[in-house]
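Text of work-v9.cif (mmCIF, C-alpha atoms, pLDDT in the B column; chains and numbers go by the auth columns) as supplied:
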data_work
loop_
_atom_site.group_PDB
_atom_site.id
_atom_site.type_symbol
_atom_site.label_atom_id
_atom_site.label_comp_id
_atom_site.label_asym_id
_atom_site.label_seq_id
_atom_site.Cartn_x
_atom_site.Cartn_y
_atom_site.Cartn_z
_atom_site.B_iso_or_equiv
_atom_site.auth_seq_id
_atom_site.auth_asym_id
ATOM 1 C CA MET A 1 -16.334 5.658 2.758 68.00 120 U
ATOM 2 C CA LEU A 2 -16.166 3.222 -0.137 81.00 121 U
ATOM 3 C CA GLU A 3 -14.546 5.908 -2.294 82.00 122 U
ATOM 4 C CA LYS A 4 -11.574 5.988 0.092 86.00 123 U
ATOM 5 C CA THR A 5 -11.256 2.213 -0.152 90.00 124 U
ATOM 6 C CA LEU A 6 -11.432 2.405 -3.954 92.00 125 U
ATOM 7 C CA SER A 7 -8.769 5.089 -4.092 92.00 126 U
ATOM 8 C CA GLN A 8 -6.393 2.824 -2.189 93.00 127 U
ATOM 9 C CA ILE A 9 -7.245 -0.164 -4.384 95.00 128 U
ATOM 10 C CA LEU A 10 -6.538 1.865 -7.524 95.00 129 U
ATOM 11 C CA LYS A 11 -3.253 3.223 -6.145 94.00 130 U
ATOM 12 C CA ASN A 12 -2.094 -0.309 -5.369 95.00 131 U
ATOM 13 C CA SER A 13 -3.224 -1.844 -8.652 96.00 132 U
ATOM 14 C CA ARG A 14 -0.629 -2.735 -11.267 96.00 133 U
ATOM 15 C CA TYR A 15 -3.249 -2.890 -14.047 98.00 134 U
ATOM 16 C CA THR A 16 -6.815 -1.571 -13.913 98.00 135 U
ATOM 17 C CA VAL A 17 -9.369 -2.054 -16.692 98.00 136 U
ATOM 18 C CA VAL A 18 -12.691 -0.241 -17.068 98.00 137 U
ATOM 19 C CA LEU A 19 -15.806 -1.600 -18.763 98.00 138 U
ATOM 20 C CA SER A 20 -17.771 1.519 -19.728 97.00 139 U
ATOM 21 C CA GLY A 21 -21.512 0.895 -20.046 95.00 140 U
ATOM 22 C CA ILE A 22 -24.567 2.690 -21.308 93.00 141 U
ATOM 23 C CA GLY A 23 -25.052 4.557 -18.026 95.00 142 U
ATOM 24 C CA MET A 24 -22.017 6.696 -18.836 97.00 143 U
ATOM 25 C CA LEU A 25 -23.549 7.464 -22.225 94.00 144 U
ATOM 26 C CA ILE A 26 -26.778 8.582 -20.550 93.00 145 U
ATOM 27 C CA GLU A 27 -24.866 10.737 -18.059 96.00 146 U
ATOM 28 C CA SER A 28 -23.315 12.455 -21.091 95.00 147 U
ATOM 29 C CA GLY A 29 -26.814 13.398 -22.299 91.00 148 U
ATOM 30 C CA TYR A 30 -27.019 10.839 -25.086 89.00 149 U
ATOM 31 C CA PRO A 31 -30.464 9.323 -25.779 81.00 150 U
ATOM 32 C CA VAL A 32 -30.960 5.569 -25.607 76.00 151 U
ATOM 33 C CA ILE A 33 -32.337 5.251 -29.115 70.00 152 U
ATOM 34 C CA ARG A 34 -33.146 1.536 -29.199 64.00 153 U
ATOM 35 C CA ASP A 35 -35.021 1.453 -25.901 60.00 154 U
ATOM 36 C CA SER A 36 -37.006 4.671 -25.951 59.00 155 U
ATOM 37 C CA ASP A 37 -39.770 6.579 -27.722 70.00 156 U
ATOM 38 C CA MET A 38 -37.124 7.673 -30.222 75.00 157 U
ATOM 39 C CA SER A 39 -37.150 4.199 -31.730 79.00 158 U
ATOM 40 C CA TYR A 40 -40.865 4.543 -32.518 82.00 159 U
ATOM 41 C CA GLU A 41 -40.388 8.073 -33.847 85.00 160 U
ATOM 42 C CA ILE A 42 -37.591 6.917 -36.152 87.00 161 U
ATOM 43 C CA GLU A 43 -39.761 4.135 -37.557 87.00 162 U
ATOM 44 C CA GLN A 44 -42.590 6.603 -38.168 89.00 163 U
ATOM 45 C CA LYS A 45 -40.198 9.033 -39.859 90.00 164 U
ATOM 46 C CA TYR A 46 -38.369 6.632 -42.164 92.00 165 U
ATOM 47 C CA GLY A 47 -40.772 3.719 -42.556 91.00 166 U
ATOM 48 C CA TYR A 48 -38.236 1.251 -41.195 92.00 167 U
ATOM 49 C CA SER A 49 -37.192 0.277 -37.686 90.00 168 U
ATOM 50 C CA LEU A 50 -33.845 1.313 -36.262 88.00 169 U
ATOM 51 C CA GLU A 51 -32.772 -2.341 -36.276 89.00 170 U
ATOM 52 C CA GLU A 52 -33.544 -2.576 -40.002 92.00 171 U
ATOM 53 C CA MET A 53 -31.760 0.642 -40.960 94.00 172 U
ATOM 54 C CA PHE A 54 -28.664 0.234 -38.817 93.00 173 U
ATOM 55 C CA SER A 55 -27.896 -3.115 -40.405 94.00 174 U
ATOM 56 C CA SER A 56 -25.410 -4.384 -42.965 94.00 175 U
ATOM 57 C CA ALA A 57 -28.265 -5.499 -45.221 94.00 176 U
ATOM 58 C CA PHE A 58 -29.801 -2.005 -45.290 96.00 177 U
ATOM 59 C CA TYR A 59 -26.401 -0.417 -45.947 96.00 178 U
ATOM 60 C CA SER A 60 -25.872 -2.747 -48.904 95.00 179 U
ATOM 61 C CA THR A 61 -29.324 -2.566 -50.494 95.00 180 U
ATOM 62 C CA ARG A 62 -30.593 0.929 -49.567 96.00 181 U
ATOM 63 C CA THR A 63 -27.342 2.852 -49.245 97.00 182 U
ATOM 64 C CA GLU A 64 -28.791 6.324 -49.792 96.00 183 U
ATOM 65 C CA GLN A 65 -31.522 5.774 -47.181 96.00 184 U
ATOM 66 C CA PHE A 66 -28.943 4.320 -44.804 96.00 185 U
ATOM 67 C CA PHE A 67 -26.836 7.468 -44.942 97.00 186 U
ATOM 68 C CA GLU A 68 -29.872 9.740 -44.617 95.00 187 U
ATOM 69 C CA PHE A 69 -30.747 7.991 -41.359 93.00 188 U
ATOM 70 C CA TYR A 70 -27.114 7.745 -40.293 94.00 189 U
ATOM 71 C CA ARG A 71 -26.406 11.478 -40.744 93.00 190 U
ATOM 72 C CA ASN A 72 -29.680 12.702 -39.251 90.00 191 U
ATOM 73 C CA GLU A 73 -29.966 10.385 -36.257 88.00 192 U
ATOM 74 C CA ILE A 74 -26.555 8.919 -35.386 90.00 193 U
ATOM 75 C CA LEU A 75 -24.069 11.630 -36.404 91.00 194 U
ATOM 76 C CA LYS A 76 -26.307 14.446 -35.188 86.00 195 U
ATOM 77 C CA THR A 77 -26.436 12.800 -31.767 83.00 196 U
ATOM 78 C CA ALA A 78 -22.643 12.520 -31.789 84.00 197 U
ATOM 79 C CA GLU A 79 -22.343 16.314 -31.663 83.00 198 U
ATOM 80 C CA LEU A 80 -22.860 16.072 -27.890 89.00 199 U
ATOM 81 C CA PRO A 81 -19.571 16.197 -25.941 93.00 200 U
ATOM 82 C CA PRO A 82 -18.370 13.484 -23.546 96.00 201 U
ATOM 83 C CA GLY A 83 -19.725 13.693 -20.012 96.00 202 U
ATOM 84 C CA GLU A 84 -17.630 14.458 -16.937 97.00 203 U
ATOM 85 C CA GLY A 85 -17.186 10.763 -16.141 97.00 204 U
ATOM 86 C CA PHE A 86 -15.115 10.240 -19.294 98.00 205 U
ATOM 87 C CA TYR A 87 -12.882 13.191 -18.456 97.00 206 U
ATOM 88 C CA GLN A 88 -12.379 11.707 -15.002 96.00 207 U
ATOM 89 C CA LEU A 89 -11.304 8.418 -16.604 97.00 208 U
ATOM 90 C CA ALA A 90 -8.876 10.265 -18.858 97.00 209 U
ATOM 91 C CA GLU A 91 -7.350 12.005 -15.847 96.00 210 U
ATOM 92 C CA MET A 92 -7.085 8.707 -13.975 96.00 211 U
ATOM 93 C CA GLU A 93 -5.335 7.223 -17.000 97.00 212 U
ATOM 94 C CA ARG A 94 -2.848 10.114 -17.013 96.00 213 U
ATOM 95 C CA GLN A 95 -2.208 9.419 -13.341 94.00 214 U
ATOM 96 C CA GLY A 96 -1.497 5.754 -14.096 95.00 215 U
ATOM 97 C CA LEU A 97 -4.595 4.564 -12.222 95.00 216 U
ATOM 98 C CA VAL A 98 -6.573 3.307 -15.245 97.00 217 U
ATOM 99 C CA HIS A 99 -4.809 1.375 -17.981 97.00 218 U
ATOM 100 C CA ALA A 100 -7.527 0.406 -20.486 98.00 219 U
ATOM 101 C CA VAL A 101 -11.151 1.345 -21.216 98.00 220 U
ATOM 102 C CA ILE A 102 -13.423 -1.106 -23.043 98.00 221 U
ATOM 103 C CA THR A 103 -16.780 -0.083 -24.518 97.00 222 U
ATOM 104 C CA ARG A 104 -19.462 -1.281 -26.921 94.00 223 U
ATOM 105 C CA ARG A 105 -20.597 2.287 -27.671 93.00 224 U
ATOM 106 C CA VAL A 106 -19.686 3.754 -31.049 94.00 225 U
ATOM 107 C CA PHE A 107 -19.577 7.487 -30.269 94.00 226 U
ATOM 108 C CA GLY A 108 -15.892 7.560 -29.329 94.00 227 U
ATOM 109 C CA LEU A 109 -16.516 9.302 -26.013 96.00 228 U
ATOM 110 C CA PRO A 110 -13.546 7.924 -24.022 97.00 229 U
ATOM 111 C CA GLY A 111 -11.102 8.917 -26.746 96.00 230 U
ATOM 112 C CA ARG A 112 -12.686 12.323 -27.256 96.00 231 U
ATOM 113 C CA ALA A 113 -12.303 12.957 -23.522 97.00 232 U
ATOM 114 C CA GLY A 114 -8.603 12.133 -23.691 97.00 233 U
ATOM 115 C CA CYS A 115 -8.335 8.403 -22.923 97.00 234 U
ATOM 116 C CA LYS A 116 -5.531 6.821 -24.944 97.00 235 U
ATOM 117 C CA ASN A 117 -5.910 3.067 -24.521 97.00 236 U
ATOM 118 C CA VAL A 118 -9.523 2.488 -25.608 98.00 237 U
ATOM 119 C CA ILE A 119 -10.860 -0.797 -26.981 98.00 238 U
ATOM 120 C CA GLU A 120 -14.020 -0.121 -28.987 97.00 239 U
ATOM 121 C CA LEU A 121 -15.698 -3.481 -29.465 97.00 240 U
ATOM 122 C CA HIS A 122 -18.188 -2.160 -32.028 95.00 241 U
ATOM 123 C CA GLY A 123 -15.889 0.387 -33.658 96.00 242 U
ATOM 124 C CA SER A 124 -16.385 4.154 -33.810 95.00 243 U
ATOM 125 C CA ILE A 125 -18.355 6.549 -35.983 94.00 244 U
ATOM 126 C CA GLN A 126 -15.347 8.886 -35.817 93.00 245 U
ATOM 127 C CA LYS A 127 -13.709 6.777 -38.534 95.00 246 U
ATOM 128 C CA ASN A 128 -14.954 5.794 -42.002 96.00 247 U
ATOM 129 C CA TYR A 129 -13.209 3.908 -44.766 97.00 248 U
ATOM 130 C CA CYS A 130 -13.467 2.902 -48.405 97.00 249 U
ATOM 131 C CA PRO A 131 -14.141 -0.863 -48.580 95.00 250 U
ATOM 132 C CA HIS A 132 -12.449 -0.958 -52.011 96.00 251 U
ATOM 133 C CA CYS A 133 -9.160 0.945 -51.615 96.00 252 U
ATOM 134 C CA GLY A 134 -9.028 1.311 -47.829 95.00 253 U
ATOM 135 C CA LYS A 135 -8.701 5.094 -47.717 97.00 254 U
ATOM 136 C CA ILE A 136 -9.724 6.535 -44.322 97.00 255 U
ATOM 137 C CA TYR A 137 -12.140 9.441 -43.870 97.00 256 U
ATOM 138 C CA PRO A 138 -13.160 11.393 -40.744 95.00 257 U
ATOM 139 C CA MET A 139 -16.730 11.647 -39.510 94.00 258 U
ATOM 140 C CA GLU A 140 -16.961 15.222 -40.798 94.00 259 U
ATOM 141 C CA PHE A 141 -16.555 14.028 -44.384 96.00 260 U
ATOM 142 C CA VAL A 142 -19.690 11.896 -44.060 96.00 261 U
ATOM 143 C CA LYS A 143 -21.630 14.633 -42.234 94.00 262 U
ATOM 144 C CA GLU A 144 -20.911 17.133 -45.003 93.00 263 U
ATOM 145 C CA SER A 145 -21.643 14.749 -47.866 93.00 264 U
ATOM 146 C CA VAL A 146 -24.747 14.904 -50.035 88.00 265 U
ATOM 147 C CA LYS A 147 -26.621 11.614 -50.277 92.00 266 U
ATOM 148 C CA VAL A 148 -24.052 8.760 -50.385 97.00 267 U
ATOM 149 C CA PRO A 149 -20.473 9.743 -49.401 97.00 268 U
ATOM 150 C CA LEU A 150 -18.092 8.434 -52.052 97.00 269 U
ATOM 151 C CA CYS A 151 -14.381 7.739 -51.904 97.00 270 U
ATOM 152 C CA GLU A 152 -12.433 10.572 -53.541 96.00 271 U
ATOM 153 C CA SER A 153 -9.964 8.078 -54.983 96.00 272 U
ATOM 154 C CA CYS A 154 -12.161 5.366 -56.472 96.00 273 U
ATOM 155 C CA GLY A 155 -15.810 6.501 -56.126 96.00 274 U
ATOM 156 C CA THR A 156 -16.871 3.616 -53.890 97.00 275 U
ATOM 157 C CA PRO A 157 -19.516 4.314 -51.192 97.00 276 U
ATOM 158 C CA LEU A 158 -17.812 4.782 -47.837 97.00 277 U
ATOM 159 C CA ARG A 159 -18.410 2.535 -44.864 96.00 278 U
ATOM 160 C CA PRO A 160 -18.660 3.645 -41.209 96.00 279 U
ATOM 161 C CA ASP A 161 -16.069 1.762 -39.170 96.00 280 U
ATOM 162 C CA VAL A 162 -18.675 0.262 -36.864 96.00 281 U
ATOM 163 C CA ARG A 163 -20.212 -3.163 -36.499 95.00 282 U
ATOM 164 C CA LEU A 164 -23.706 -2.886 -37.941 94.00 283 U
ATOM 165 C CA ILE A 165 -26.559 -5.112 -36.784 90.00 284 U
ATOM 166 C CA GLY A 166 -26.101 -8.556 -38.286 86.00 285 U
ATOM 167 C CA GLU A 167 -22.303 -8.386 -38.436 91.00 286 U
ATOM 168 C CA MET A 168 -19.793 -10.349 -36.402 91.00 287 U
ATOM 169 C CA LEU A 169 -17.371 -8.550 -34.133 91.00 288 U
ATOM 170 C CA ASP A 170 -13.712 -8.377 -35.042 93.00 289 U
ATOM 171 C CA ASN A 171 -11.894 -11.329 -33.440 95.00 290 U
ATOM 172 C CA VAL A 172 -8.720 -9.285 -33.085 96.00 291 U
ATOM 173 C CA VAL A 173 -10.560 -6.636 -31.051 96.00 292 U
ATOM 174 C CA ILE A 174 -12.349 -9.231 -28.911 96.00 293 U
ATOM 175 C CA THR A 175 -9.040 -10.975 -28.201 97.00 294 U
ATOM 176 C CA ARG A 176 -7.429 -7.683 -27.230 97.00 295 U
ATOM 177 C CA ALA A 177 -10.271 -6.935 -24.814 98.00 296 U
ATOM 178 C CA ALA A 178 -10.170 -10.426 -23.317 97.00 297 U
ATOM 179 C CA GLU A 179 -6.413 -10.176 -22.766 98.00 298 U
ATOM 180 C CA ALA A 180 -6.796 -6.802 -21.068 98.00 299 U
ATOM 181 C CA VAL A 181 -9.406 -8.198 -18.668 98.00 300 U
ATOM 182 C CA ARG A 182 -7.337 -11.331 -18.007 98.00 301 U
ATOM 183 C CA ASN A 183 -4.335 -9.184 -17.063 97.00 302 U
ATOM 184 C CA ALA A 184 -6.324 -6.846 -14.832 98.00 303 U
ATOM 185 C CA GLU A 185 -5.797 -6.788 -11.098 97.00 304 U
ATOM 186 C CA VAL A 186 -8.801 -4.449 -10.778 98.00 305 U
ATOM 187 C CA LEU A 187 -11.857 -4.486 -13.045 98.00 306 U
ATOM 188 C CA MET A 188 -14.216 -1.506 -12.812 98.00 307 U
ATOM 189 C CA VAL A 189 -17.673 -1.907 -14.365 98.00 308 U
ATOM 190 C CA LEU A 190 -19.135 1.571 -14.814 98.00 309 U
ATOM 191 C CA GLY A 191 -22.709 2.427 -15.743 97.00 310 U
ATOM 192 C CA THR A 192 -23.940 -1.104 -16.366 96.00 311 U
ATOM 193 C CA ASN A 193 -24.628 -4.371 -14.576 96.00 312 U
ATOM 194 C CA LEU A 194 -22.768 -7.655 -14.767 97.00 313 U
ATOM 195 C CA ASN A 195 -25.559 -9.342 -16.716 95.00 314 U
ATOM 196 C CA THR A 196 -25.204 -7.235 -19.874 92.00 315 U
ATOM 197 C CA GLN A 197 -23.602 -8.224 -23.183 86.00 316 U
ATOM 198 C CA LEU A 198 -20.600 -6.053 -22.381 86.00 317 U
ATOM 199 C CA CYS A 199 -19.890 -7.919 -19.145 94.00 318 U
ATOM 200 C CA THR A 200 -21.087 -11.517 -19.360 93.00 319 U
ATOM 201 C CA HIS A 201 -18.446 -12.597 -21.846 92.00 320 U
ATOM 202 C CA LEU A 202 -15.522 -10.452 -20.745 96.00 321 U
ATOM 203 C CA THR A 203 -15.815 -10.974 -16.981 96.00 322 U
ATOM 204 C CA SER A 204 -15.316 -14.709 -17.533 95.00 323 U
ATOM 205 C CA TYR A 205 -11.661 -13.865 -18.254 97.00 324 U
ATOM 206 C CA TYR A 206 -11.156 -11.893 -15.056 97.00 325 U
ATOM 207 C CA GLU A 207 -8.796 -13.461 -12.524 96.00 326 U
ATOM 208 C CA GLY A 208 -8.191 -10.494 -10.213 95.00 327 U
ATOM 209 C CA ASN A 209 -9.397 -9.754 -6.705 91.00 328 U
ATOM 210 C CA HIS A 210 -11.335 -6.497 -7.033 97.00 329 U
ATOM 211 C CA LEU A 211 -14.399 -6.527 -9.283 98.00 330 U
ATOM 212 C CA ILE A 212 -16.025 -3.130 -8.752 97.00 331 U
ATOM 213 C CA VAL A 213 -19.451 -2.062 -10.009 98.00 332 U
ATOM 214 C CA ILE A 214 -20.598 1.569 -10.024 97.00 333 U
ATOM 215 C CA LYS A 215 -24.083 2.309 -11.351 97.00 334 U
ATOM 216 C CA LYS A 216 -27.266 4.003 -10.208 94.00 335 U
ATOM 217 C CA GLU A 217 -29.694 1.111 -9.803 95.00 336 U
ATOM 218 C CA PRO A 218 -29.372 -2.160 -7.851 96.00 337 U
ATOM 219 C CA HIS A 219 -29.371 -5.392 -9.871 96.00 338 U
ATOM 220 C CA PHE A 220 -29.402 -9.070 -8.918 97.00 339 U
ATOM 221 C CA SER A 221 -25.936 -9.486 -10.467 96.00 340 U
ATOM 222 C CA ASP A 222 -24.458 -7.081 -7.883 96.00 341 U
ATOM 223 C CA LYS A 223 -23.832 -10.096 -5.646 96.00 342 U
ATOM 224 C CA TYR A 224 -21.032 -11.213 -7.978 96.00 343 U
ATOM 225 C CA ALA A 225 -19.041 -8.009 -7.442 97.00 344 U
ATOM 226 C CA ASP A 226 -16.579 -7.381 -4.638 96.00 345 U
ATOM 227 C CA ILE A 227 -17.573 -3.726 -4.239 95.00 346 U
ATOM 228 C CA VAL A 228 -20.810 -2.078 -5.421 96.00 347 U
ATOM 229 C CA ILE A 229 -21.692 1.612 -5.343 96.00 348 U
ATOM 230 C CA HIS A 230 -25.176 2.689 -6.388 96.00 349 U
ATOM 231 C CA ALA A 231 -24.616 6.234 -7.624 96.00 350 U
ATOM 232 C CA ARG A 232 -23.846 8.211 -10.741 97.00 351 U
ATOM 233 C CA VAL A 233 -20.518 7.234 -12.248 97.00 352 U
ATOM 234 C CA ASP A 234 -19.319 10.805 -12.790 97.00 353 U
ATOM 235 C CA ASP A 235 -20.072 11.865 -9.203 96.00 354 U
ATOM 236 C CA THR A 236 -18.402 8.750 -7.802 96.00 355 U
ATOM 237 C CA LEU A 237 -15.254 9.183 -9.889 96.00 356 U
ATOM 238 C CA LYS A 238 -15.020 12.795 -8.700 94.00 357 U
ATOM 239 C CA ARG A 239 -15.169 11.612 -5.091 94.00 358 U
ATOM 240 C CA ILE A 240 -12.497 8.992 -5.774 93.00 359 U
ATOM 241 C CA GLN A 241 -10.296 11.660 -7.337 90.00 360 U
ATOM 242 C CA LYS A 242 -10.789 13.837 -4.274 89.00 361 U
ATOM 243 C CA GLU A 243 -9.713 10.988 -2.015 89.00 362 U
ATOM 244 C CA LEU A 244 -6.703 10.347 -4.233 82.00 363 U
ATOM 245 C CA GLY A 245 -5.711 14.012 -4.069 78.00 364 U
ATOM 246 C CA GLU A 246 -5.954 14.103 -0.287 64.00 365 U
ATOM 247 C CA SER A 247 -3.885 10.932 0.092 54.00 366 U
ATOM 248 C CA LEU A 248 -0.944 12.219 -1.980 46.00 367 U
#
As structure tokens:
Amino acid sequence: MLEKTLSQILKNSRYTVVLSGIGMLIESGYPVIRDSDMSYEIEQKYGYSLEEMFSSAFYSTRTEQFFEFYRNEILKTAELPPGEGFYQLAEMERQGLVHAVITRRVFGLPGRAGCKNVIELHGSIQKNYCPHCGKIYPMEFVKESVKVPLCESCGTPLRPDVRLIGEMLDNVVITRAAEAVRNAEVLMVLGTNLNTQLCTHLTSYYEGNHLIVIKKEPHFSDKYADIVIHARVDDTLKRIQKELGESL
């Protein structure tokens, strides 16, 4: 079984990094807003596309409408808990088998499941800040606000700590992710293929010997991986954990 092979690879690895893709989000029950009927429904509801509203320009020029959309569509979705796959990653981290998790998703699922070393390339909706004085606010403060959430200290509209459409990523965060991948002996790509934005840039830094892909559907980029398993991530991680338990 490939799971038995993977369990041995993980046990022998000095440093293992996970790239967590959209498949893990879907397994957690989260909708794919940009690539589904929801995108059309949002445009019909608000009169603007998701790409327009979840942008830095919309935040700056139509702040009240931005937060109406943000509370109703993004933060409401975030009420869903992390899926089992994220809890499996957290347990593997506690066991010293996973050392860093990298994601583009902004819902904070790895951290909410218990992962400690998480690199969130696009930030997280769990954190908000005042762009004037820097005061930090939790997600709940924005959810409970009426219209535009304002800083309690200086009255400035708050800002979700995420990269909105049209904004550059933080170079410090990108560098941290690249260094993690460069140092990895094992790189696990979970719930996505190697041709996605998450992978194409970061995998160029990988110098290890075990590039592992776990996702449901085959893809032409599978040929670049050392090991490929076409299955749900959560089910596969459970099987790996079972193999690890039996080998102790």
Is it possible to get the axis-aligned box enclosing region 268-274 of chain U (all listed atoms, 8 Å extra per side) as JSON, with centre and edge lengths in Å rounded to one decimal?
{"center_x": -15.2, "center_y": 8.0, "center_z": -52.9, "size_x": 26.5, "size_y": 21.2, "size_z": 23.1}
- Task: May I have the residues at most 7 Å from (-21.1, 0.0, -30.2) in the file's coordinates, counting only C-alpha atoms, as a list in words?
- Result: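 Here the neighbourhood of the point contains Arg223, Arg224, Val225, Leu240, His241 and Gly242 of chain U.
For the atom pair formed by CA of Glu239 (chain U) and CA of Met307 (chain U), the distance is 16.2 Å, given to one decimal.
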Selection in question (the file shown): the PyMOL selection byres ((chain U and resi 262) around 10). Which residues does it include, as a PDB file with C-alpha atoms, in the coordinates of the input?
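out-v4.pdb was written with the following content:
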ATOM      1  CA  PHE U 186     -26.836   7.468 -44.942  1.00 97.00           C
ATOM      2  CA  GLU U 187     -29.872   9.740 -44.617  1.00 95.00           C
ATOM      3  CA  TYR U 189     -27.114   7.745 -40.293  1.00 94.00           C
ATOM      4  CA  ARG U 190     -26.406  11.478 -40.744  1.00 93.00           C
ATOM      5  CA  ASN U 191     -29.680  12.702 -39.251  1.00 90.00           C
ATOM      6  CA  LEU U 194     -24.069  11.630 -36.404  1.00 91.00           C
ATOM      7  CA  LYS U 195     -26.307  14.446 -35.188  1.00 86.00           C
ATOM      8  CA  PRO U 257     -13.160  11.393 -40.744  1.00 95.00           C
ATOM      9  CA  MET U 258     -16.730  11.647 -39.510  1.00 94.00           C
ATOM     10  CA  GLU U 259     -16.961  15.222 -40.798  1.00 94.00           C
ATOM     11  CA  PHE U 260     -16.555  14.028 -44.384  1.00 96.00           C
ATOM     12  CA  VAL U 261     -19.690  11.896 -44.060  1.00 96.00           C
ATOM     13  CA  GLU U 263     -20.911  17.133 -45.003  1.00 93.00           C
ATOM     14  CA  SER U 264     -21.643  14.749 -47.866  1.00 93.00           C
ATOM     15  CA  VAL U 265     -24.747  14.904 -50.035  1.00 88.00           C
ATOM     16  CA  LYS U 266     -26.621  11.614 -50.277  1.00 92.00           C
ATOM     17  CA  PRO U 268     -20.473   9.743 -49.401  1.00 97.00           C
TER      18      PRO U 268
END
- Item | Residue nearest Gly204 (chain U) among U:Leu138, U:Ala219, U:Met143, U:Arg231 (counting only C-alpha atoms) |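 Under the stated criterion, the closest residue is U:Met143.
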